[in-house]
>>> print(open('work.cif').read())   # mmCIF, C-alpha atoms
data_structure
loop_
_atom_site.label_atom_id
_atom_site.label_comp_id
_atom_site.auth_asym_id
_atom_site.auth_seq_id
_atom_site.Cartn_x
_atom_site.Cartn_y
_atom_site.Cartn_z
CA MET A 270 0.00 0.00 0.00
CA TYR A 271 2.89 2.33 0.76
CA SER A 272 4.31 1.72 -2.68
CA LEU A 273 1.14 3.16 -4.23
CA VAL A 274 1.51 6.29 -2.13
CA LEU A 275 5.12 6.48 -3.25
CA LEU A 276 4.00 6.17 -6.90
CA PHE A 277 1.49 8.97 -6.45
CA LEU A 278 4.00 11.24 -4.71
CA SER A 279 6.65 10.63 -7.36
CA GLY A 280 4.14 11.55 -10.07
CA LEU A 281 3.25 14.68 -8.12
CA LEU A 282 6.91 15.58 -7.72
CA VAL A 283 7.52 15.27 -11.47
CA PHE A 284 4.37 17.32 -12.12
CA ILE A 285 5.63 20.12 -9.88
CA LEU A 286 9.28 20.13 -10.94
CA LYS A 287 9.00 19.55 -14.71
CA TYR A 288 6.39 22.11 -15.65
CA ASN A 289 8.10 23.35 -18.83
CA HIS A 290 6.81 20.71 -21.22
CA PHE A 291 3.11 19.96 -21.54
CA LEU A 292 3.72 16.32 -22.53
CA ILE A 293 5.72 15.56 -19.38
CA MET A 294 2.98 17.15 -17.29
CA LEU A 295 0.35 14.97 -18.98
CA MET A 296 2.41 11.84 -18.44
CA SER A 297 2.93 12.56 -14.75
CA LEU A 298 -0.77 13.32 -14.36
CA GLU A 299 -1.64 9.97 -15.93
CA PHE A 300 0.87 8.30 -13.62
CA MET A 301 -0.95 9.78 -10.63
CA VAL A 302 -4.34 8.76 -12.03
CA LEU A 303 -3.17 5.18 -12.56
CA SER A 304 -1.79 4.93 -9.04
CA ILE A 305 -5.14 6.09 -7.68
CA TYR A 306 -6.92 3.58 -9.91
CA ILE A 307 -4.75 0.70 -8.70
CA SER A 308 -5.31 1.65 -5.05
CA LEU A 309 -9.08 1.94 -5.65
CA PHE A 310 -9.09 -1.46 -7.34
CA PHE A 311 -7.18 -3.08 -4.46
CA TYR A 312 -9.49 -1.41 -1.95
CA CYS A 313 -12.59 -2.74 -3.71
CA ASN A 314 -11.13 -6.25 -3.93
CA TYR A 315 -10.00 -6.27 -0.31
CA PHE A 316 -13.43 -5.41 1.05
CA SER A 317 -15.19 -7.42 -1.72
CA TYR A 318 -17.10 -4.43 -3.05
CA GLU A 319 -18.35 -4.08 -6.57
CA SER A 320 -15.62 -3.07 -8.99
CA PHE A 321 -18.05 -0.95 -11.00
CA ILE A 322 -16.78 2.25 -9.39
CA SER A 323 -13.23 1.46 -10.51
CA MET A 324 -14.42 1.00 -14.10
CA PHE A 325 -16.32 4.28 -13.83
CA TYR A 326 -13.13 5.99 -12.62
CA LEU A 327 -11.10 4.40 -15.41
CA THR A 328 -13.61 5.66 -18.00
CA PHE A 329 -13.31 9.22 -16.76
CA SER A 330 -9.52 9.01 -16.66
CA VAL A 331 -9.47 7.85 -20.29
CA CYS A 332 -11.67 10.81 -21.24
CA GLU A 333 -9.32 13.12 -19.37
CA SER A 334 -6.28 11.74 -21.15
CA ALA A 335 -7.97 12.06 -24.56
CA LEU A 336 -8.76 15.68 -23.78
CA GLY A 337 -5.15 16.31 -22.71
CA LEU A 338 -3.78 14.74 -25.89
CA SER A 339 -6.12 16.80 -28.06
CA LEU A 340 -4.92 19.94 -26.26
CA LEU A 341 -1.34 18.84 -26.86
CA VAL A 342 -1.99 18.40 -30.60
CA LEU A 343 -3.68 21.81 -30.75
CA LEU A 344 -0.76 23.39 -28.91
CA ILE A 345 1.84 21.86 -31.23
CA ARG A 346 -0.11 22.77 -34.38
CA THR A 347 -0.63 26.35 -33.24
CA TYR A 348 2.74 27.21 -31.69
CA GLY A 349 5.05 24.48 -33.00
CA SER A 350 6.19 23.35 -29.56
CA ASP A 351 4.84 21.97 -26.30
CA MET A 352 6.82 24.39 -24.15
CA LEU A 353 4.61 26.27 -21.71
CA VAL A 354 6.95 29.26 -21.68
CA ILE A 355 5.37 30.50 -24.93
CA PHE A 356 2.13 31.26 -23.08
CA ASP A 357 3.75 33.77 -20.75
CA SER A 358 2.50 37.19 -21.80
CA LEU A 359 5.03 39.09 -19.69
CA TRP A 360 7.93 38.40 -22.07
#
>>> encode(input="work.cif", output="C-alpha cells")
Amino acid sequence: MYSLVLLFLSGLLVFILKYNHFLIMLMSLEFMVLSIYISLFFYCNYFSYESFISMFYLTFSVCESALGLSLLVLLIRTYGSDMLVIFDSLW
C-alpha cells in the first residue's frame, strides 16, 4: 500500500518540478491517475465491493487523457512546440 503512495507522490513531484513541457505534465498526471486507480481497485477487492466504481473511474480518466492529448496536438499545431513558456504574456 505504501508503494502506491510512493508512486502517487513521485508523479506529483515530477508534475511540480518539470512544468516546462506539456507532454511531461500529462504523463505525470496519468501516472498519478493510474496509481489512484490501482489503489481503488485493491481497496474494492480487499473489502469485496463491486468493482463498478473502478471501471467508472477508469472511464473518466481515459476521457481526461484524450482531452489532454487533443490539447497537446492543438498546442503543437498552433505554436510548434509543447513548451509552456510560450504562453507567458510578460515576455
>>> resolve_selection(input="work.cif", expression="the PyMOL selection byres ((chain A and resi 352) around 6)", output="list in words")
Asn289, His290, Ser350, Asp351, Leu353 and Val354 of chain A
>>> resolve_selection(input="work.cif", expression="the PyMOL selection byres ((chain A and resi 307-313) around 10)", output="JSON, numbers by chain")
{"A": [270, 272, 273, 274, 302, 303, 304, 305, 306, 314, 315, 316, 317, 318, 319, 320, 321, 322, 323, 324, 326, 327]}
>>> write_last_selection(input="work.cif", atoms="C-alpha atoms", output="CSV table (one decimal), in the coordinates of the input")
chain,number,residue,atom,x,y,z
A,270,MET,CA,0.0,0.0,0.0
A,272,SER,CA,4.3,1.7,-2.7
A,273,LEU,CA,1.1,3.2,-4.2
A,274,VAL,CA,1.5,6.3,-2.1
A,302,VAL,CA,-4.3,8.8,-12.0
A,303,LEU,CA,-3.2,5.2,-12.6
A,304,SER,CA,-1.8,4.9,-9.0
A,305,ILE,CA,-5.1,6.1,-7.7
A,306,TYR,CA,-6.9,3.6,-9.9
A,314,ASN,CA,-11.1,-6.2,-3.9
A,315,TYR,CA,-10.0,-6.3,-0.3
A,316,PHE,CA,-13.4,-5.4,1.0
A,317,SER,CA,-15.2,-7.4,-1.7
A,318,TYR,CA,-17.1,-4.4,-3.0
A,319,GLU,CA,-18.4,-4.1,-6.6
A,320,SER,CA,-15.6,-3.1,-9.0
A,321,PHE,CA,-18.0,-1.0,-11.0
A,322,ILE,CA,-16.8,2.2,-9.4
A,323,SER,CA,-13.2,1.5,-10.5
A,324,MET,CA,-14.4,1.0,-14.1
A,326,TYR,CA,-13.1,6.0,-12.6
A,327,LEU,CA,-11.1,4.4,-15.4
>>> residues_around(input="work.cif", residues="range 337-345 of chain A", least_positions_apart="3", cutoff="8 Å", atoms="all atoms listed in the file", output="PDB file with C-alpha atoms, in the coordinates of the input")
ATOM      1  CA  PHE A 291       3.110  19.960 -21.540  1.00  0.00           C
ATOM      2  CA  LEU A 292       3.720  16.320 -22.530  1.00  0.00           C
ATOM      3  CA  LEU A 295       0.350  14.970 -18.980  1.00  0.00           C
ATOM      4  CA  GLU A 333      -9.320  13.120 -19.370  1.00  0.00           C
ATOM      5  CA  SER A 334      -6.280  11.740 -21.150  1.00  0.00           C
ATOM      6  CA  TYR A 348       2.740  27.210 -31.690  1.00  0.00           C
ATOM      7  CA  GLY A 349       5.050  24.480 -33.000  1.00  0.00           C
ATOM      8  CA  SER A 350       6.190  23.350 -29.560  1.00  0.00           C
ATOM      9  CA  ASP A 351       4.840  21.970 -26.300  1.00  0.00           C
TER      10      ASP A 351
END
>>> closest_residue(input="work.cif", among="A:Thr347, A:Val331, A:Met301, A:Phe325", to="Leu281 in chain A", atoms="all atoms listed in the file")
A:Met301
>>> atom_distance(input="work.cif", atom1="CA of Leu336 in chain A", atom2="CA of Gly280 in chain A")
19.3 Å
>>> atom_distance(input="work.cif", atom1="CA of Phe329 in chain A", atom2="CA of Leu298 in chain A")
13.4 Å
>>> atom_distance(input="work.cif", atom1="CA of Leu276 in chain A", atom2="CA of Ser297 in chain A")
10.2 Å
